[in-house]
$ cat model22.csv   # CSV, C-alpha atoms
chain,number,residue,atom,x,y,z
A,1,PRO,CA,-7.8,-38.8,1.4
A,2,LEU,CA,-7.2,-35.9,-0.9
A,3,LYS,CA,-3.9,-36.1,-2.8
A,4,SER,CA,-1.5,-33.4,-3.8
A,5,VAL,CA,1.0,-35.5,-5.8
A,6,PHE,CA,-0.8,-34.7,-9.1
A,7,LEU,CA,-0.3,-31.0,-8.5
A,8,LEU,CA,3.4,-31.1,-7.3
A,9,LYS,CA,4.3,-33.3,-10.3
A,10,PHE,CA,3.2,-30.7,-12.8
A,11,THR,CA,3.9,-27.4,-11.1
A,12,PRO,CA,7.3,-26.5,-12.7
A,13,ARG,CA,6.3,-27.7,-16.1
A,14,PHE,CA,4.3,-24.7,-17.0
A,15,CYS,CA,6.7,-22.2,-15.5
A,16,VAL,CA,9.4,-22.6,-18.1
A,17,SER,CA,9.6,-19.6,-20.4
A,18,LEU,CA,10.1,-20.7,-24.0
A,19,LYS,CA,11.6,-17.3,-24.8
A,20,THR,CA,14.2,-17.3,-22.0
A,21,LYS,CA,15.0,-21.0,-21.8
A,22,ASP,CA,15.2,-22.1,-25.4
A,23,SER,CA,17.2,-25.2,-24.4
A,24,ASN,CA,14.1,-26.5,-22.6
A,25,THR,CA,11.7,-26.0,-25.6
A,26,ARG,CA,11.9,-29.5,-26.9
A,27,ARG,CA,11.7,-31.1,-23.4
A,28,LEU,CA,8.8,-28.9,-22.4
A,29,TRP,CA,6.7,-29.7,-25.4
A,30,LYS,CA,7.5,-33.4,-25.1
A,31,SER,CA,6.2,-33.3,-21.5
A,32,VAL,CA,3.0,-31.3,-22.2
A,33,SER,CA,0.4,-33.1,-24.2
A,34,LEU,CA,-1.3,-31.7,-27.3
A,35,ALA,CA,-4.4,-31.3,-25.2
A,36,SER,CA,-2.6,-28.9,-22.9
A,37,SER,CA,-1.2,-26.8,-25.8
A,38,CYS,CA,-4.5,-25.0,-26.0
A,39,LEU,CA,-3.6,-23.5,-22.6
A,40,ASP,CA,-0.6,-21.6,-23.9
A,41,ALA,CA,-2.5,-18.3,-23.4
A,42,SER,CA,-3.5,-19.4,-19.9
A,43,ARG,CA,-0.2,-20.1,-18.2
A,44,PRO,CA,-0.6,-17.7,-15.3
A,45,TRP,CA,-3.9,-19.5,-14.6
A,46,LEU,CA,-2.1,-22.8,-14.4
A,47,CYS,CA,0.2,-21.2,-11.8
A,48,PHE,CA,-2.7,-19.9,-9.8
A,49,TRP,CA,-4.8,-23.1,-10.1
A,50,ILE,CA,-1.9,-25.3,-8.9
A,51,LEU,CA,-0.6,-22.9,-6.2
A,52,HIS,CA,-4.0,-22.3,-4.7
A,53,SER,CA,-4.8,-26.0,-4.7
A,54,LEU,CA,-1.6,-26.6,-2.8
A,55,GLU,CA,-2.3,-23.9,-0.2
A,56,LEU,CA,-5.7,-25.4,0.4
A,57,LEU,CA,-4.1,-28.8,0.9
A,58,GLU,CA,-1.7,-27.1,3.2
A,59,GLN,CA,1.2,-28.3,1.2
A,60,PRO,CA,4.4,-26.2,1.3
A,61,ILE,CA,5.6,-24.7,-2.0
A,62,PRO,CA,9.3,-25.3,-2.4
A,63,ALA,CA,11.3,-22.1,-2.4
A,64,ALA,CA,12.9,-22.9,-5.7
A,65,VAL,CA,9.6,-23.5,-7.4
A,66,ALA,CA,8.1,-20.3,-5.9
A,67,SER,CA,11.1,-18.3,-7.2
A,68,GLU,CA,10.7,-20.0,-10.7
A,69,VAL,CA,7.1,-19.0,-10.8
A,70,CYS,CA,7.9,-15.4,-9.9
A,71,GLN,CA,10.5,-15.3,-12.7
A,72,PHE,CA,8.1,-16.8,-15.2
A,73,LEU,CA,5.3,-14.4,-14.3
A,74,ALA,CA,7.7,-11.5,-14.6
A,75,HIS,CA,8.1,-12.6,-18.2
A,76,CYS,CA,4.3,-12.5,-18.6
A,77,GLN,CA,4.1,-8.9,-17.5
A,78,SER,CA,3.4,-6.6,-20.4
A,79,PRO,CA,5.7,-3.6,-20.9
A,80,THR,CA,2.5,-1.5,-20.9
A,81,GLY,CA,1.2,-3.0,-17.7
A,82,GLY,CA,-0.9,-6.0,-16.6
A,83,PHE,CA,-0.1,-9.6,-17.4
A,84,ALA,CA,-0.5,-11.7,-20.5
A,85,GLY,CA,-1.4,-15.3,-20.9
A,86,GLY,CA,2.3,-16.1,-21.7
A,87,PRO,CA,5.5,-14.3,-22.5
A,88,GLY,CA,5.2,-11.9,-25.5
A,89,GLN,CA,1.4,-11.9,-25.6
A,90,HIS,CA,-1.0,-9.0,-25.0
A,91,ALA,CA,-2.0,-8.0,-21.6
A,92,HIS,CA,-5.4,-9.3,-20.5
A,93,LEU,CA,-7.4,-8.9,-17.3
A,94,ALA,CA,-8.0,-12.6,-16.7
A,95,PRO,CA,-4.3,-13.7,-16.6
A,96,THR,CA,-3.6,-10.4,-14.7
A,97,TYR,CA,-6.0,-11.6,-12.0
A,98,ALA,CA,-4.4,-15.0,-12.0
A,99,ALA,CA,-0.9,-13.7,-11.9
A,100,VAL,CA,-1.6,-11.3,-9.0
A,101,ASN,CA,-3.3,-14.0,-7.0
A,102,ALA,CA,-0.5,-16.5,-7.6
A,103,LEU,CA,2.1,-13.9,-6.5
A,104,CYS,CA,0.1,-13.1,-3.4
A,105,ILE,CA,-0.1,-16.8,-2.6
A,106,ILE,CA,3.7,-17.0,-2.7
A,107,GLY,CA,3.8,-13.9,-0.6
A,108,THR,CA,7.5,-13.1,-0.7
A,109,GLU,CA,9.2,-9.8,-1.4
A,110,GLU,CA,10.4,-11.3,-4.7
A,111,ALA,CA,6.7,-12.1,-5.6
A,112,TYR,CA,5.4,-8.7,-4.6
A,113,ASN,CA,8.2,-6.9,-6.4
A,114,VAL,CA,7.2,-8.5,-9.7
A,115,ILE,CA,4.0,-6.4,-9.9
A,116,ASP,CA,4.6,-3.0,-11.5
A,117,ARG,CA,1.7,-1.1,-9.8
A,118,GLU,CA,2.1,2.1,-11.8
A,119,LYS,CA,1.9,0.3,-15.1
A,120,LEU,CA,-0.9,-2.0,-13.8
A,121,LEU,CA,-2.9,1.2,-13.1
A,122,ASP,CA,-2.2,2.4,-16.6
A,123,PHE,CA,-3.4,-0.9,-18.0
A,124,LEU,CA,-6.6,-0.8,-15.9
A,125,TRP,CA,-7.3,2.7,-17.2
A,126,SER,CA,-6.7,1.5,-20.8
A,127,VAL,CA,-9.5,-1.1,-20.5
A,128,LYS,CA,-12.0,1.1,-18.6
A,129,GLN,CA,-15.1,2.0,-20.6
A,130,PRO,CA,-17.2,5.2,-20.4
A,131,ASP,CA,-20.2,3.3,-19.1
A,132,GLY,CA,-18.2,1.9,-16.1
A,133,SER,CA,-17.6,-1.5,-17.6
A,134,PHE,CA,-14.2,-2.9,-18.5
A,135,VAL,CA,-13.0,-4.8,-21.6
A,136,MET,CA,-10.9,-7.9,-21.0
A,137,HIS,CA,-8.1,-6.5,-23.1
A,138,VAL,CA,-7.6,-3.5,-25.4
A,139,GLY,CA,-10.1,-4.0,-28.2
A,140,GLY,CA,-11.6,-7.0,-26.5
A,141,GLU,CA,-15.0,-8.1,-25.1
A,142,VAL,CA,-16.9,-6.6,-22.2
A,143,ASP,CA,-18.4,-8.8,-19.5
A,144,VAL,CA,-18.7,-8.8,-15.7
A,145,ARG,CA,-15.6,-10.9,-15.3
A,146,SER,CA,-13.5,-8.0,-16.3
A,147,ALA,CA,-15.0,-5.7,-13.6
A,148,TYR,CA,-14.2,-8.3,-10.9
A,149,CYS,CA,-10.7,-9.0,-12.2
A,150,ALA,CA,-10.0,-5.2,-12.2
A,151,ALA,CA,-11.5,-4.6,-8.8
A,152,SER,CA,-9.7,-7.6,-7.3
A,153,VAL,CA,-6.2,-6.7,-8.5
A,154,ALA,CA,-6.7,-3.0,-7.8
A,155,SER,CA,-7.8,-3.6,-4.2
A,156,LEU,CA,-5.1,-6.2,-3.4
A,157,THR,CA,-2.3,-3.9,-4.7
A,158,ASN,CA,-3.7,-0.6,-3.3
A,159,ILE,CA,-4.4,1.2,-6.5
A,160,LEU,CA,-8.2,1.2,-6.2
A,161,THR,CA,-9.8,4.6,-6.2
A,162,PRO,CA,-13.4,5.8,-6.7
A,163,LYS,CA,-12.5,7.5,-10.0
A,164,LEU,CA,-11.2,4.3,-11.5
A,165,PHE,CA,-14.4,2.5,-10.8
A,166,GLU,CA,-16.8,5.4,-11.5
A,167,ASP,CA,-20.1,4.0,-12.8
A,168,THR,CA,-18.9,0.4,-12.5
A,169,THR,CA,-21.4,-0.3,-9.7
A,170,ASN,CA,-24.4,0.8,-11.9
A,171,TRP,CA,-23.1,-1.3,-14.8
A,172,ILE,CA,-22.8,-4.4,-12.7
A,173,LEU,CA,-26.2,-3.9,-11.2
A,174,SER,CA,-27.7,-3.7,-14.7
A,175,CYS,CA,-26.5,-7.4,-15.1
A,176,GLN,CA,-28.9,-8.7,-12.4
A,177,ASN,CA,-31.9,-10.1,-14.3
A,178,TRP,CA,-35.4,-11.3,-13.5
A,179,GLU,CA,-34.0,-14.7,-12.4
A,180,GLY,CA,-32.1,-13.1,-9.5
A,181,GLY,CA,-28.6,-14.0,-10.7
A,182,LEU,CA,-26.3,-11.9,-12.9
A,183,SER,CA,-25.5,-12.3,-16.5
A,184,GLY,CA,-22.2,-11.6,-18.3
A,185,VAL,CA,-23.7,-8.4,-19.9
A,186,PRO,CA,-27.1,-6.8,-19.3
A,187,GLY,CA,-30.0,-8.7,-20.8
A,188,LEU,CA,-28.7,-12.3,-20.9
A,189,GLU,CA,-29.2,-15.4,-18.9
A,190,ALA,CA,-28.0,-15.6,-15.2
A,191,HIS,CA,-24.8,-17.7,-14.8
A,192,GLY,CA,-22.9,-18.9,-11.8
A,193,GLY,CA,-19.5,-17.6,-12.8
A,194,TYR,CA,-20.8,-14.2,-13.8
A,195,THR,CA,-22.9,-14.0,-10.7
A,196,PHE,CA,-20.0,-14.6,-8.5
A,197,CYS,CA,-17.8,-12.1,-10.3
A,198,GLY,CA,-20.4,-9.4,-10.2
A,199,THR,CA,-21.3,-9.9,-6.6
A,200,ALA,CA,-17.6,-10.1,-5.4
A,201,ALA,CA,-16.8,-7.0,-7.4
A,202,LEU,CA,-19.6,-5.1,-5.6
A,203,VAL,CA,-18.4,-6.4,-2.2
A,204,ILE,CA,-15.0,-5.0,-3.0
A,205,LEU,CA,-16.6,-1.7,-4.0
A,206,GLY,CA,-18.8,-1.7,-0.9
A,207,LYS,CA,-22.0,-1.7,-2.9
A,208,GLU,CA,-23.4,-5.2,-2.6
A,209,HIS,CA,-26.4,-3.9,-0.7
A,210,MET,CA,-27.6,-2.4,-3.9
A,211,LEU,CA,-28.4,-5.8,-5.4
A,212,ASP,CA,-31.7,-7.5,-4.9
A,213,LEU,CA,-30.2,-9.8,-2.3
A,214,LYS,CA,-33.2,-11.9,-1.6
A,215,ALA,CA,-33.7,-12.6,-5.3
A,216,LEU,CA,-30.1,-13.5,-5.7
A,217,LEU,CA,-30.2,-15.8,-2.7
A,218,ARG,CA,-33.3,-17.6,-4.1
A,219,TRP,CA,-31.5,-18.1,-7.4
A,220,VAL,CA,-28.2,-19.4,-6.1
A,221,VAL,CA,-29.7,-21.9,-3.5
A,222,SER,CA,-31.9,-23.2,-6.3
A,223,ARG,CA,-28.8,-24.2,-8.3
A,224,GLN,CA,-27.8,-26.9,-5.8
A,225,MET,CA,-28.9,-30.2,-7.2
A,226,ARG,CA,-31.2,-32.3,-5.0
A,227,PHE,CA,-29.9,-35.6,-6.2
A,228,GLU,CA,-26.2,-35.0,-6.8
A,229,GLY,CA,-25.6,-32.4,-4.0
A,230,GLY,CA,-23.3,-30.3,-6.3
A,231,PHE,CA,-24.2,-27.1,-8.1
A,232,GLN,CA,-25.2,-26.4,-11.7
A,233,GLY,CA,-24.1,-23.2,-13.4
A,234,ARG,CA,-27.5,-22.2,-14.9
A,235,CYS,CA,-31.1,-23.4,-14.9
A,236,ASN,CA,-31.7,-26.8,-16.6
A,237,LYS,CA,-27.9,-27.5,-16.8
A,238,LEU,CA,-26.0,-30.5,-15.4
A,239,VAL,CA,-24.0,-30.4,-12.2
A,240,ASP,CA,-20.4,-29.3,-12.6
A,241,GLY,CA,-17.7,-29.5,-9.9
A,242,CYS,CA,-16.3,-26.1,-10.6
A,243,TYR,CA,-19.6,-24.5,-9.5
A,244,SER,CA,-18.8,-25.8,-6.0
A,245,PHE,CA,-17.0,-22.5,-5.7
A,246,TRP,CA,-18.6,-20.2,-8.2
A,247,GLN,CA,-22.1,-20.9,-6.6
A,248,ALA,CA,-21.3,-21.9,-3.1
A,249,GLY,CA,-18.8,-19.1,-2.8
A,250,LEU,CA,-21.7,-16.7,-3.1
A,251,LEU,CA,-23.3,-17.8,0.1
A,252,PRO,CA,-20.6,-16.3,2.5
A,253,LEU,CA,-20.9,-13.0,0.6
A,254,LEU,CA,-24.7,-13.0,0.8
A,255,HIS,CA,-24.6,-14.1,4.5
A,256,ARG,CA,-22.5,-11.0,5.3
A,257,ALA,CA,-24.5,-8.7,3.1
A,258,LEU,CA,-27.8,-9.8,4.7
A,259,PHE,CA,-26.3,-9.5,8.1
A,260,LYS,CA,-25.3,-5.9,7.4
A,261,GLU,CA,-28.9,-5.3,6.2
A,262,GLY,CA,-30.2,-6.3,9.6
A,263,GLU,CA,-31.5,-9.8,8.7
A,264,SER,CA,-32.1,-11.4,12.1
A,265,GLU,CA,-32.8,-15.0,11.2
A,266,LEU,CA,-29.4,-15.9,9.8
A,267,SER,CA,-27.7,-19.0,11.2
A,268,ARG,CA,-24.5,-18.5,13.3
A,269,GLN,CA,-23.3,-22.0,12.4
A,270,ARG,CA,-24.1,-22.8,8.8
A,271,TRP,CA,-24.2,-21.2,5.4
A,272,MET,CA,-27.5,-21.2,3.5
A,273,PHE,CA,-26.9,-24.3,1.4
A,274,GLU,CA,-26.5,-28.0,2.2
A,275,GLN,CA,-22.8,-28.1,3.0
A,276,GLN,CA,-22.6,-31.9,3.7
A,277,ALA,CA,-24.2,-32.8,0.4
A,278,LEU,CA,-21.7,-30.6,-1.5
A,279,GLN,CA,-18.8,-32.3,0.3
A,280,GLU,CA,-20.3,-35.7,-0.6
A,281,TYR,CA,-20.5,-34.8,-4.3
A,282,ILE,CA,-16.9,-33.5,-4.4
A,283,LEU,CA,-15.3,-36.3,-2.3
A,284,LEU,CA,-17.3,-39.2,-3.8
A,285,CYS,CA,-17.9,-38.1,-7.4
A,286,CYS,CA,-15.2,-35.7,-8.4
A,287,GLN,CA,-11.9,-37.3,-7.4
A,288,ASN,CA,-9.6,-39.1,-9.7
A,289,PRO,CA,-8.2,-42.2,-8.0
A,290,THR,CA,-4.6,-41.1,-8.8
A,291,GLY,CA,-5.1,-37.5,-7.8
A,292,GLY,CA,-6.8,-34.4,-9.1
A,293,LEU,CA,-10.4,-33.5,-9.3
A,294,LEU,CA,-12.9,-33.3,-12.2
A,295,ASP,CA,-16.2,-31.9,-13.4
A,296,LYS,CA,-18.4,-35.0,-12.9
A,297,PRO,CA,-17.9,-38.8,-13.1
A,298,GLY,CA,-16.6,-39.8,-16.5
A,299,LYS,CA,-14.7,-36.6,-17.1
A,300,SER,CA,-11.0,-36.2,-17.1
A,301,ARG,CA,-9.1,-34.4,-14.2
A,302,ASP,CA,-7.7,-31.0,-14.9
A,303,PHE,CA,-6.1,-28.2,-12.9
A,304,TYR,CA,-9.1,-25.9,-13.3
A,305,HIS,CA,-11.6,-28.3,-11.8
A,306,THR,CA,-9.0,-29.4,-9.2
A,307,CYS,CA,-8.7,-25.8,-8.0
A,308,TYR,CA,-12.4,-24.9,-7.9
A,309,CYS,CA,-13.6,-28.2,-6.5
A,310,LEU,CA,-11.1,-27.8,-3.6
A,311,SER,CA,-12.2,-24.1,-3.2
A,312,GLY,CA,-15.8,-25.1,-3.0
A,313,LEU,CA,-15.0,-27.9,-0.6
A,314,SER,CA,-13.2,-25.4,1.6
A,315,ILE,CA,-16.3,-23.1,1.6
A,316,ALA,CA,-18.4,-26.1,2.6
A,317,GLN,CA,-16.1,-27.0,5.5
A,318,HIS,CA,-15.7,-23.6,7.1
A,319,PHE,CA,-18.2,-21.2,8.5
A,320,GLY,CA,-17.6,-17.9,10.1
A,321,ASN,CA,-14.6,-15.8,10.8
A,322,MET,CA,-11.6,-15.9,13.1
A,323,ASP,CA,-13.7,-15.2,16.2
A,324,LEU,CA,-16.8,-17.2,15.2
A,325,HIS,CA,-15.7,-20.3,13.4
A,326,HIS,CA,-17.5,-23.6,12.9
A,327,GLU,CA,-16.2,-26.6,10.8
A,328,LEU,CA,-18.1,-29.4,9.2
A,329,ILE,CA,-15.7,-32.0,7.9
A,330,LEU,CA,-17.1,-35.0,6.1
A,331,GLY,CA,-15.0,-38.1,6.6
A,332,LYS,CA,-11.5,-38.3,8.1
A,333,ASP,CA,-9.6,-35.3,9.4
A,334,ASP,CA,-7.3,-35.7,6.4
A,335,ASN,CA,-10.1,-34.2,4.3
A,336,ARG,CA,-9.9,-30.9,6.1
A,337,LEU,CA,-8.7,-28.0,3.9
A,338,ALA,CA,-7.5,-24.6,4.8
A,339,PRO,CA,-10.1,-21.8,4.6
A,340,THR,CA,-10.3,-19.7,1.4
A,341,HIS,CA,-11.2,-16.1,1.2
A,342,PRO,CA,-14.7,-15.9,-0.5
A,343,VAL,CA,-13.9,-12.7,-2.4
A,344,TYR,CA,-10.4,-13.3,-3.7
A,345,ASN,CA,-10.2,-17.2,-3.5
A,346,ILE,CA,-6.8,-17.3,-1.9
A,347,CYS,CA,-6.2,-18.2,1.7
A,348,PRO,CA,-7.2,-15.3,4.0
A,349,GLU,CA,-3.8,-14.9,5.7
A,350,ARG,CA,-2.3,-14.3,2.2
A,351,VAL,CA,-4.9,-11.6,1.5
A,352,ALA,CA,-4.1,-9.9,4.8
A,353,GLN,CA,-0.4,-10.1,4.1
A,354,ALA,CA,-0.7,-8.7,0.6
A,355,LEU,CA,-2.9,-5.8,1.9
A,356,GLN,CA,-0.5,-5.0,4.6
A,357,HIS,CA,2.4,-5.0,2.2
A,358,PHE,CA,0.9,-2.9,-0.5
A,359,HIS,CA,-0.8,-0.4,1.9
A,360,ARG,CA,2.6,0.4,3.2
A,361,LEU,CA,3.5,1.7,-0.3
A,362,PRO,CA,2.4,5.0,-1.7
A,363,ALA,CA,-0.4,4.9,-4.2
A,364,PRO,CA,0.9,5.4,-7.8
A,365,GLU,CA,0.3,8.9,-9.1
A,366,ASP,CA,-2.0,9.3,-12.1
A,367,PRO,CA,-3.4,12.6,-13.4
A,368,ARG,CA,-6.7,10.9,-14.3
A,369,TRP,CA,-7.5,10.6,-10.6
A,370,LYS,CA,-5.5,13.4,-9.1
A,371,GLY,CA,-6.9,14.3,-5.7
A,372,ASP,CA,-8.1,10.8,-4.9
A,373,SER,CA,-6.1,8.6,-2.7
A,374,ALA,CA,-6.0,4.8,-2.5
A,375,ASP,CA,-6.8,5.3,1.1
A,376,ASN,CA,-10.2,6.5,0.0
A,377,THR,CA,-11.3,3.2,-1.4
A,378,PRO,CA,-15.0,2.7,-1.5
A,379,SER,CA,-15.0,-0.1,1.0
A,380,ASP,CA,-12.7,-2.3,3.0
A,381,PRO,CA,-11.8,-4.7,0.2
A,382,ALA,CA,-11.3,-7.7,2.4
A,383,PRO,CA,-14.2,-9.1,4.4
A,384,ASP,CA,-12.9,-11.8,6.7
A,385,ALA,CA,-12.0,-15.3,5.5
A,386,THR,CA,-15.4,-16.8,5.7
A,387,ALA,CA,-17.5,-13.6,6.1
A,388,SER,CA,-19.9,-14.5,8.9
A,389,GLY,CA,-21.3,-11.1,8.7
A,390,SER,CA,-19.7,-9.2,11.5
A,391,ASP,CA,-18.5,-5.9,10.3
A,392,ASP,CA,-15.8,-5.7,13.0
A,393,GLN,CA,-14.3,-8.9,12.1
A,394,GLN,CA,-12.8,-8.0,8.7
A,395,SER,CA,-9.3,-9.0,7.6
$ encode --input "model22.csv" --output "structure tokens"
Amino acid sequence: PLKSVFLLKFTPRFCVSLKTKDSNTRRLWKSVSLASSCLDASRPWLCFWILHSLELLEQPIPAAVASEVCQFLAHCQSPTGGFAGGPGQHAHLAPTYAAVNALCIIGTEEAYNVIDREKLLDFLWSVKQPDGSFVMHVGGEVDVRSAYCAASVASLTNILTPKLFEDTTNWILSCQNWEGGLSGVPGLEAHGGYTFCGTAALVILGKEHMLDLKALLRWVVSRQMRFEGGFQGRCNKLVDGCYSFWQAGLLPLLHRALFKEGESELSRQRWMFEQQALQEYILLCCQNPTGGLLDKPGKSRDFYHTCYCLSGLSIAQHFGNMDLHHELILGKDDNRLAPTHPVYNICPERVAQALQHFHRLPAPEDPRWKGDSADNTPSDPAPDATASGSDDQQS
């Protein structure tokens, strides 16, 4: 059976702020190996990876731990908006995405109140580029991850407007190449992580139909390995457990998009990949005997692969939405995970709760998009948990 002890043991360790709890500095660094010190600029990610893994395992998060995470992430929030990889660092779209997701998983008033929406909007404008793309941080690199991170946090917190994402759709579309998948920037090789980010961003913006959906479908289903059952990230690469989500997570999005396009041959019970084979790969090849999951046999466990192996396993187990739902659980019932939202990769009830909370709040005013309203978002940003394709069954 899947184990959560590994996650619970390490959760508080990365939530200690070295700036605010100096007495813990020595203890913290004794408990964190040198191999983990390279993640000092990824600490909101550690919070998200662990919290999301726990919610998929349907393990309660102790109130004291949840509050400690909120306090830590508040220290990661930049005075100019957005979140940094750690206290005192520069704001960056990747940890901003991770922090907002982590706070939405916690889902308390304390968690929601951490997010300064007005300054978050300022930060998003500061990284928006004239061609519609976004840089990951001020002065940083452009790639399709940044568009997804920006669209995700903006839609969850009700600050998404057409003006903020003007020309973003066309820029993302330019990343789809001859293979059918999407690259990080126009003209490069298609890649599973970038393909998910670009497609999910377009779903949020309501423009996924502008992709070449059949070419994308052909590319992603070809990434499932016939022998292993898991997914590779690119052509001629090895299988990797993390692509259980980055690749398999595309199939619910494509299923819904093709349904909206009038595709009549879609299954009403299964996604368009071999769900049992993926579950076999994750459960038999990617588990550490003492807890946690990994890339492939012979690799070490880590929080990243634990999170995305579990996320992919959830996608493989659950088809449909709240009204049309089918489960395929390999092995014992203990292996059943909670569903995950294929756009945001947090549990769908947490998405719905966050949307309900932030849509009760007025949209922050900004002269750069005066006259727009966050109620005029390009699309409903939250297709239902497993996106069977029914337009009237959205979260």
$ closest_residue --input "model22.csv" --among "A:Gly193, A:Gly86, A:Pro44, A:Pro60" --to "Leu103 (chain A)" --atoms "all atoms listed in the file"
A:Pro44
$ closest_atom_pairs --input "model22.csv" --of "region 261-380 of chain A" --to "region 210-219 of chain A" --cutoff "12 Å" --atoms "only C-alpha atoms" --output "JSON lines"
{"residue": "A:Glu261", "atom": "CA", "partner": "A:Leu213", "partner_atom": "CA", "distance": 9.7}
{"residue": "A:Glu263", "atom": "CA", "partner": "A:Lys214", "partner_atom": "CA", "distance": 10.6}
{"residue": "A:Trp271", "atom": "CA", "partner": "A:Leu217", "partner_atom": "CA", "distance": 11.4}
{"residue": "A:Met272", "atom": "CA", "partner": "A:Leu217", "partner_atom": "CA", "distance": 8.7}
{"residue": "A:Phe273", "atom": "CA", "partner": "A:Leu217", "partner_atom": "CA", "distance": 10.0}
$ atom_distance --input "model22.csv" --atom1 "CA of Pro62 (chain A)" --atom2 "CA of Val114 (chain A)"
18.4 Å
$ atom_distance --input "model22.csv" --atom1 "CA of Ala147 (chain A)" --atom2 "CA of Arg360 (chain A)"
25.1 Å
$ atom_distance --input "model22.csv" --atom1 "CA of Tyr308 (chain A)" --atom2 "CA of Phe83 (chain A)"
21.8 Å
$ residues_around --input "model22.csv" --residues "Leu73 (chain A)" --least-positions-apart "4" --cutoff "7 Å" --atoms "all atoms listed in the file" --output "list in words"
Pro44, Val69, Gln77 and Ala99 of chain A
$ closest_residue --input "model22.csv" --among "A:Arg368, A:His341, A:His90, A:Lys332" --to "Trp125 (chain A)" --atoms "all atoms listed in the file"
A:Arg368
